[in-house]
Amino acid sequence: GVSFKTICSLDIHEASPRFSAITSDTGTIIGFKNIEQLSDHSVAENMEIFRELKKKYPSKVILASIMGQNEAEWEELSRLCAENGADAIELNFSCPNMAEGGLGSDIGQIPELVERFTASARKGTDIPVLAKLTPNVANMSPAAEAALRGGANGISAINTIKSITGVGLHTYVPEPAVHGMSAVGGYSGNAVKPIGLRFIQELGDNPALSGMHLSAMGGVESWEDALEYILLGGGSIQVTTAVMQYGYRIIEDLKSGLNLYLAEIGAGSIDEMRGQALENVSDTTDVLERDTVIYPKFNRDKCIGCGRCMISCSDGGHQAITLGEDRRPRLNGKKCVGCHLCVLVCPQRAVTPGRKRVKLR
């Protein structure tokens, strides 16, 4: 199916340029910022597009996205979308670029407004309604529970995160620069996946939301990313930033990867995987076992003697690694605490978890 650009009654004119990014040394986009607002098509134009899409692809799901300025608009937009071919409606309570004037992410931070506007949209239709919530909060559950009280069938999360990706060192203007100015905008891409996973875990583990559909998104680029969201409770997956980078073909890669995984483990359906990781994660580290240490293991054949592990351990760890004359690491087991910083910094993946030992008291 397809999730649509948010429809509103406002006259939208976008800035140019309106994107910026954090990239790796090779140019791969790690995080992506946009200052884009909503659909620049009129409501009537969008309804015509819905009708044409439904005529051409009757078996495909159309997920409309709407944003109203008041209760009457939420109800009217909901009604129009349902009448013109939408199969479900997403209520955008979370766009960080529409916060001014009590729209977008401003609404998502106030549970009372989430409940009220969800109820208004619910009046306009009997098709499924999902509330799209903002990650620009410490706790998403109050807004999610408010959406449930308002009649929502599900939650979509996460929308983009308020951000500044960089500042011009000669112009002093943040990116993207629009005629000497910029704005705080929405951050997406693979960099936000840990935040998205955390919020889906929070919602998936909330008994008050039991049975509510969770449409998960945020940094999905591979079938593994999608599966991680499903394991934490996601019922459907949305992908936008990766499609902008790699095209629609990425969707087939996600589907085929998931199908191969299911066949490999002998699962009959993706539904069997939903929420399987929830019992293995806690909101606090206090419950974790603290009586053993897992030492790192060094693969001397893979090691190139760069010294990254030694530098990180020396300056950011517990000074447990030295380099021999052959520039291969030597571990001091009495100093090593098993933090695995060395495992993470090794560019050759020559350091892996090794033997486990009970801590000496």
# chains A, B, ... in the order shown; residues from 1 in each chain; ligands from 1
>>> residues_around(residues="segment 340-353 of chain A", least_positions_apart="5", cutoff="6 Å", atoms="only C-alpha atoms", output="NGL selection string")
:A and (296-299 or 302-303 or 309)
>>> residues_around(residues="segment 251-259 of chain A", least_positions_apart="5", cutoff="10 Å", atoms="only C-alpha atoms", output="PyMOL selection string")
chain A and resi 220-227+238-239+242-243+246+264+267-270
>>> select_by_dssp(residues="segment 123-252 of chain A", states="strand (DSSP E)", output="VMD selection string")
chain A and resid 129 to 132 154 to 157 161 to 163 185 to 188 213 to 216 236 to 237
>>> write_last_selection(atoms="C-alpha atoms", output="compact mmCIF listing (two decimals), in the first residue's frame")
# COMPACT_ATOMS: atom_id res chain seq x y z
CA VAL A 129 -8.07 5.74 12.02
CA LEU A 130 -4.45 5.91 13.24
CA ALA A 131 -2.93 8.73 15.28
CA LYS A 132 0.58 9.64 14.14
CA GLY A 154 -4.00 2.37 15.93
CA ILE A 155 -0.88 4.47 16.42
CA SER A 156 1.76 5.48 13.86
CA ALA A 157 5.22 6.25 15.21
CA ILE A 161 12.64 14.59 15.29
CA LYS A 162 13.25 18.32 15.72
CA SER A 163 16.80 18.98 14.62
CA GLY A 185 13.28 20.79 10.98
CA GLY A 186 12.40 17.11 11.05
CA TYR A 187 15.21 14.54 11.27
CA SER A 188 14.79 11.07 9.76
CA HIS A 213 -2.34 -1.65 15.79
CA LEU A 214 1.14 -0.08 15.74
CA SER A 215 2.36 1.21 12.40
CA ALA A 216 6.11 1.56 12.89
CA SER A 236 2.92 -2.64 9.82
CA ILE A 237 5.99 -0.80 8.54
>>> select_by_dssp(residues="segment 40-161 of chain A", states="helix (DSSP H, G or I)", output="short mmCIF file (atom, residue, chain, number, x, y, z; two decimals) with N, CA and C atoms, in the first residue's frame")
data_model
loop_
_atom_site.label_atom_id
_atom_site.label_comp_id
_atom_site.auth_asym_id
_atom_site.auth_seq_id
_atom_site.Cartn_x
_atom_site.Cartn_y
_atom_site.Cartn_z
N VAL A 43 -7.17 20.15 -1.57
CA VAL A 43 -7.95 19.01 -1.10
C VAL A 43 -8.66 18.32 -2.27
N ALA A 44 -9.24 19.12 -3.16
CA ALA A 44 -9.95 18.56 -4.31
C ALA A 44 -9.00 17.76 -5.22
N GLU A 45 -7.80 18.28 -5.44
CA GLU A 45 -6.82 17.56 -6.27
C GLU A 45 -6.42 16.23 -5.63
N ASN A 46 -6.23 16.24 -4.32
CA ASN A 46 -5.86 15.00 -3.63
C ASN A 46 -6.98 13.97 -3.67
N MET A 47 -8.22 14.43 -3.58
CA MET A 47 -9.34 13.49 -3.66
C MET A 47 -9.42 12.85 -5.05
N GLU A 48 -9.11 13.63 -6.08
CA GLU A 48 -9.10 13.09 -7.43
C GLU A 48 -7.99 12.05 -7.58
N ILE A 49 -6.84 12.30 -6.97
CA ILE A 49 -5.74 11.33 -7.01
C ILE A 49 -6.15 10.04 -6.30
N PHE A 50 -6.84 10.17 -5.17
CA PHE A 50 -7.33 8.98 -4.46
C PHE A 50 -8.22 8.13 -5.35
N ARG A 51 -9.16 8.79 -6.02
CA ARG A 51 -10.11 8.06 -6.86
C ARG A 51 -9.39 7.33 -8.00
N GLU A 52 -8.40 8.01 -8.61
CA GLU A 52 -7.67 7.38 -9.70
C GLU A 52 -6.83 6.21 -9.20
N LEU A 53 -6.18 6.37 -8.05
CA LEU A 53 -5.37 5.29 -7.49
C LEU A 53 -6.23 4.07 -7.18
N LYS A 54 -7.40 4.31 -6.59
CA LYS A 54 -8.27 3.19 -6.22
C LYS A 54 -8.81 2.48 -7.46
N LYS A 55 -9.04 3.24 -8.51
CA LYS A 55 -9.52 2.65 -9.75
C LYS A 55 -8.44 1.77 -10.39
N LYS A 56 -7.18 2.24 -10.36
CA LYS A 56 -6.08 1.49 -10.97
C LYS A 56 -5.60 0.34 -10.11
N GLU A 71 -11.82 21.21 14.99
CA GLU A 71 -12.58 19.96 15.03
C GLU A 71 -13.39 19.74 13.75
N ALA A 72 -13.97 20.82 13.22
CA ALA A 72 -14.77 20.68 12.00
C ALA A 72 -13.92 20.22 10.82
N GLU A 73 -12.70 20.74 10.72
CA GLU A 73 -11.82 20.34 9.62
C GLU A 73 -11.36 18.89 9.75
N TRP A 74 -11.03 18.47 10.96
CA TRP A 74 -10.64 17.07 11.14
C TRP A 74 -11.77 16.14 10.71
N GLU A 75 -12.99 16.47 11.06
CA GLU A 75 -14.13 15.63 10.69
C GLU A 75 -14.36 15.65 9.18
N GLU A 76 -14.29 16.84 8.57
CA GLU A 76 -14.57 16.96 7.15
C GLU A 76 -13.50 16.27 6.29
N LEU A 77 -12.25 16.47 6.64
CA LEU A 77 -11.18 15.82 5.87
C LEU A 77 -11.25 14.31 6.00
N SER A 78 -11.60 13.84 7.18
CA SER A 78 -11.75 12.40 7.39
C SER A 78 -12.86 11.84 6.51
N ARG A 79 -13.98 12.55 6.46
CA ARG A 79 -15.12 12.11 5.66
C ARG A 79 -14.76 12.08 4.18
N LEU A 80 -14.11 13.14 3.70
CA LEU A 80 -13.77 13.23 2.29
C LEU A 80 -12.81 12.10 1.86
N CYS A 81 -11.82 11.84 2.69
CA CYS A 81 -10.86 10.79 2.34
C CYS A 81 -11.53 9.42 2.24
N ALA A 82 -12.40 9.15 3.20
CA ALA A 82 -13.10 7.86 3.19
C ALA A 82 -14.01 7.73 1.98
N GLU A 83 -14.67 8.81 1.61
CA GLU A 83 -15.61 8.77 0.48
C GLU A 83 -14.90 8.66 -0.87
N PRO A 96 6.90 18.29 12.83
CA PRO A 96 7.60 19.37 13.54
C PRO A 96 7.66 20.67 12.74
N ASN A 97 7.35 20.59 11.45
CA ASN A 97 7.42 21.78 10.61
C ASN A 97 6.08 22.52 10.54
N MET A 98 5.09 22.04 11.29
CA MET A 98 3.77 22.69 11.32
C MET A 98 3.36 22.99 12.76
N SER A 105 3.25 18.89 15.63
CA SER A 105 3.79 18.30 16.86
C SER A 105 3.31 19.01 18.11
N ASP A 106 2.80 20.24 17.98
CA ASP A 106 2.21 20.90 19.15
C ASP A 106 1.03 20.09 19.68
N ILE A 107 0.21 19.56 18.78
CA ILE A 107 -0.95 18.78 19.19
C ILE A 107 -0.50 17.49 19.86
N GLY A 108 0.48 16.82 19.27
CA GLY A 108 0.93 15.53 19.79
C GLY A 108 1.51 15.58 21.18
N PRO A 111 -2.15 15.58 25.27
CA PRO A 111 -3.09 14.46 25.14
C PRO A 111 -4.54 14.89 24.99
N GLU A 112 -4.93 15.96 25.65
CA GLU A 112 -6.32 16.41 25.55
C GLU A 112 -6.69 16.78 24.12
N LEU A 113 -5.76 17.42 23.40
CA LEU A 113 -6.03 17.77 22.00
C LEU A 113 -6.01 16.53 21.12
N VAL A 114 -5.11 15.60 21.40
CA VAL A 114 -5.06 14.35 20.64
C VAL A 114 -6.41 13.64 20.75
N GLU A 115 -6.95 13.54 21.95
CA GLU A 115 -8.24 12.86 22.14
C GLU A 115 -9.36 13.60 21.43
N ARG A 116 -9.37 14.92 21.56
CA ARG A 116 -10.47 15.70 20.98
C ARG A 116 -10.47 15.61 19.46
N PHE A 117 -9.30 15.79 18.82
CA PHE A 117 -9.25 15.79 17.37
C PHE A 117 -9.38 14.38 16.80
N THR A 118 -8.95 13.37 17.55
CA THR A 118 -9.18 11.99 17.11
C THR A 118 -10.68 11.71 17.08
N ALA A 119 -11.37 12.16 18.11
CA ALA A 119 -12.82 11.96 18.17
C ALA A 119 -13.52 12.67 17.01
N SER A 120 -13.00 13.85 16.66
CA SER A 120 -13.60 14.59 15.54
C SER A 120 -13.42 13.82 14.23
N ALA A 121 -12.20 13.33 13.99
CA ALA A 121 -11.96 12.55 12.78
C ALA A 121 -12.79 11.27 12.77
N ARG A 122 -12.95 10.68 13.94
CA ARG A 122 -13.74 9.45 14.07
C ARG A 122 -15.19 9.68 13.65
N LYS A 123 -15.70 10.88 13.91
CA LYS A 123 -17.08 11.20 13.52
C LYS A 123 -17.25 11.20 12.01
N GLY A 124 -16.17 11.48 11.29
CA GLY A 124 -16.27 11.61 9.85
C GLY A 124 -16.25 10.31 9.08
N SER A 141 3.18 7.40 25.68
CA SER A 141 1.99 6.66 26.10
C SER A 141 0.79 7.55 26.43
N PRO A 142 0.96 8.70 27.12
CA PRO A 142 -0.22 9.54 27.39
C PRO A 142 -0.96 9.96 26.13
N ALA A 143 -0.23 10.34 25.09
CA ALA A 143 -0.89 10.74 23.85
C ALA A 143 -1.52 9.54 23.16
N ALA A 144 -0.84 8.38 23.21
CA ALA A 144 -1.39 7.18 22.59
C ALA A 144 -2.68 6.74 23.27
N GLU A 145 -2.69 6.78 24.60
CA GLU A 145 -3.89 6.40 25.33
C GLU A 145 -5.02 7.39 25.08
N ALA A 146 -4.67 8.67 24.89
CA ALA A 146 -5.68 9.68 24.57
C ALA A 146 -6.29 9.40 23.20
N ALA A 147 -5.44 8.99 22.24
CA ALA A 147 -5.95 8.66 20.91
C ALA A 147 -6.90 7.47 20.98
N LEU A 148 -6.57 6.50 21.82
CA LEU A 148 -7.44 5.33 22.00
C LEU A 148 -8.79 5.76 22.55
N ARG A 149 -8.78 6.64 23.55
CA ARG A 149 -10.04 7.14 24.11
C ARG A 149 -10.85 7.90 23.06
N GLY A 150 -10.14 8.56 22.14
CA GLY A 150 -10.83 9.33 21.10
C GLY A 150 -11.39 8.47 19.97
#
>>> residues_around(residues="Asp40 of chain A", least_positions_apart="5", cutoff="9 Å", atoms="only C-alpha atoms", output="PyMOL selection string")
chain A and resi 7-8+10-14
>>> write_last_selection(atoms="C-alpha atoms", output="PDB file, in the first residue's frame")
ATOM      1  CA  ILE A   7      -3.583  16.732   3.235  1.00  0.00           C
ATOM      2  CA  CYS A   8      -4.805  20.032   4.668  1.00  0.00           C
ATOM      3  CA  LEU A  10      -3.911  25.419   3.896  1.00  0.00           C
ATOM      4  CA  ASP A  11      -2.271  27.002   0.857  1.00  0.00           C
ATOM      5  CA  ILE A  12       1.192  25.409   1.008  1.00  0.00           C
ATOM      6  CA  HIS A  13       4.255  26.908  -0.704  1.00  0.00           C
ATOM      7  CA  GLU A  14       7.512  25.130   0.066  1.00  0.00           C
TER       8      GLU A  14
END
>>> atom_distance(atom1="atom CA of Thr292 of chain A", atom2="atom CA of Gly333 of chain A")
12.8 Å
>>> closest_residue(among="A:Ile195, A:Asn159, A:Ile250, A:Ile89", to="Thr134 of chain A", atoms="only C-alpha atoms")
A:Asn159
>>> residues_around(residues="segment 204-206 of chain A", least_positions_apart="3", cutoff="12 Å", atoms="only C-alpha atoms", output="number ranges by chain")
A: 139-142, 144-145, 154-157, 197-201, 209-216, 229-235, 274-283
>>> atom_distance(atom1="atom CA of Thr240 of chain A", atom2="atom CA of Lys5 of chain A")
10.4 Å
>>> residues_around(residues="Ala177 of chain A", least_positions_apart="5", cutoff="10 Å", atoms="only C-alpha atoms", output="list in words")
Ala15, Ser16, Pro17, Arg18, Phe19, Ser20, Val167, Gly168, Thr171, Tyr172, Ser182 and Ala183 of chain A
>>> write_last_selection(atoms="C-alpha atoms", output="PDB file, in the first residue's frame")
ATOM      1  CA  ALA A  15      10.986  26.622   0.587  1.00  0.00           C
ATOM      2  CA  SER A  16      13.960  25.894  -1.673  1.00  0.00           C
ATOM      3  CA  PRO A  17      16.171  24.143  -0.792  1.00  0.00           C
ATOM      4  CA  ARG A  18      14.387  22.183   1.924  1.00  0.00           C
ATOM      5  CA  PHE A  19      16.632  19.201   2.680  1.00  0.00           C
ATOM      6  CA  SER A  20      19.988  18.650   4.385  1.00  0.00           C
ATOM      7  CA  VAL A 167      25.691  25.366  10.624  1.00  0.00           C
ATOM      8  CA  GLY A 168      27.609  27.114   7.840  1.00  0.00           C
ATOM      9  CA  THR A 171      27.629  32.162   6.738  1.00  0.00           C
ATOM     10  CA  TYR A 172      26.528  31.246  10.303  1.00  0.00           C
ATOM     11  CA  SER A 182      16.941  28.367   8.139  1.00  0.00           C
ATOM     12  CA  ALA A 183      14.630  26.638  10.593  1.00  0.00           C
TER      13      ALA A 183
END
>>> atom_distance(atom1="atom CA of Asn153 of chain A", atom2="atom CA of Leu91 of chain A")
11.2 Å
>>> residues_around(residues="Gly27 of chain A", least_positions_apart="5", cutoff="12 Å", atoms="only C-alpha atoms", output="VMD selection string")
chain A and resid 21 to 22 245
>>> residues_around(residues="Arg328 of chain A", least_positions_apart="5", cutoff="9 Å", atoms="only C-alpha atoms", output="NGL selection string")
:A and (298 or 300 or 303-307 or 322-323)
>>> write_last_selection(atoms="C-alpha atoms", output="compact mmCIF listing (two decimals), in the first residue's frame")
# COMPACT_ATOMS: atom_id res chain seq x y z
CA PHE A 298 40.91 -10.88 19.14
CA ARG A 300 44.88 -12.02 14.87
CA CYS A 303 43.66 -7.56 12.82
CA ILE A 304 45.58 -4.93 10.82
CA GLY A 305 47.35 -3.42 13.83
CA CYS A 306 45.65 -0.02 13.57
CA GLY A 307 45.52 0.40 17.35
CA THR A 322 48.22 -2.70 25.01
CA LEU A 323 49.92 -3.38 21.68
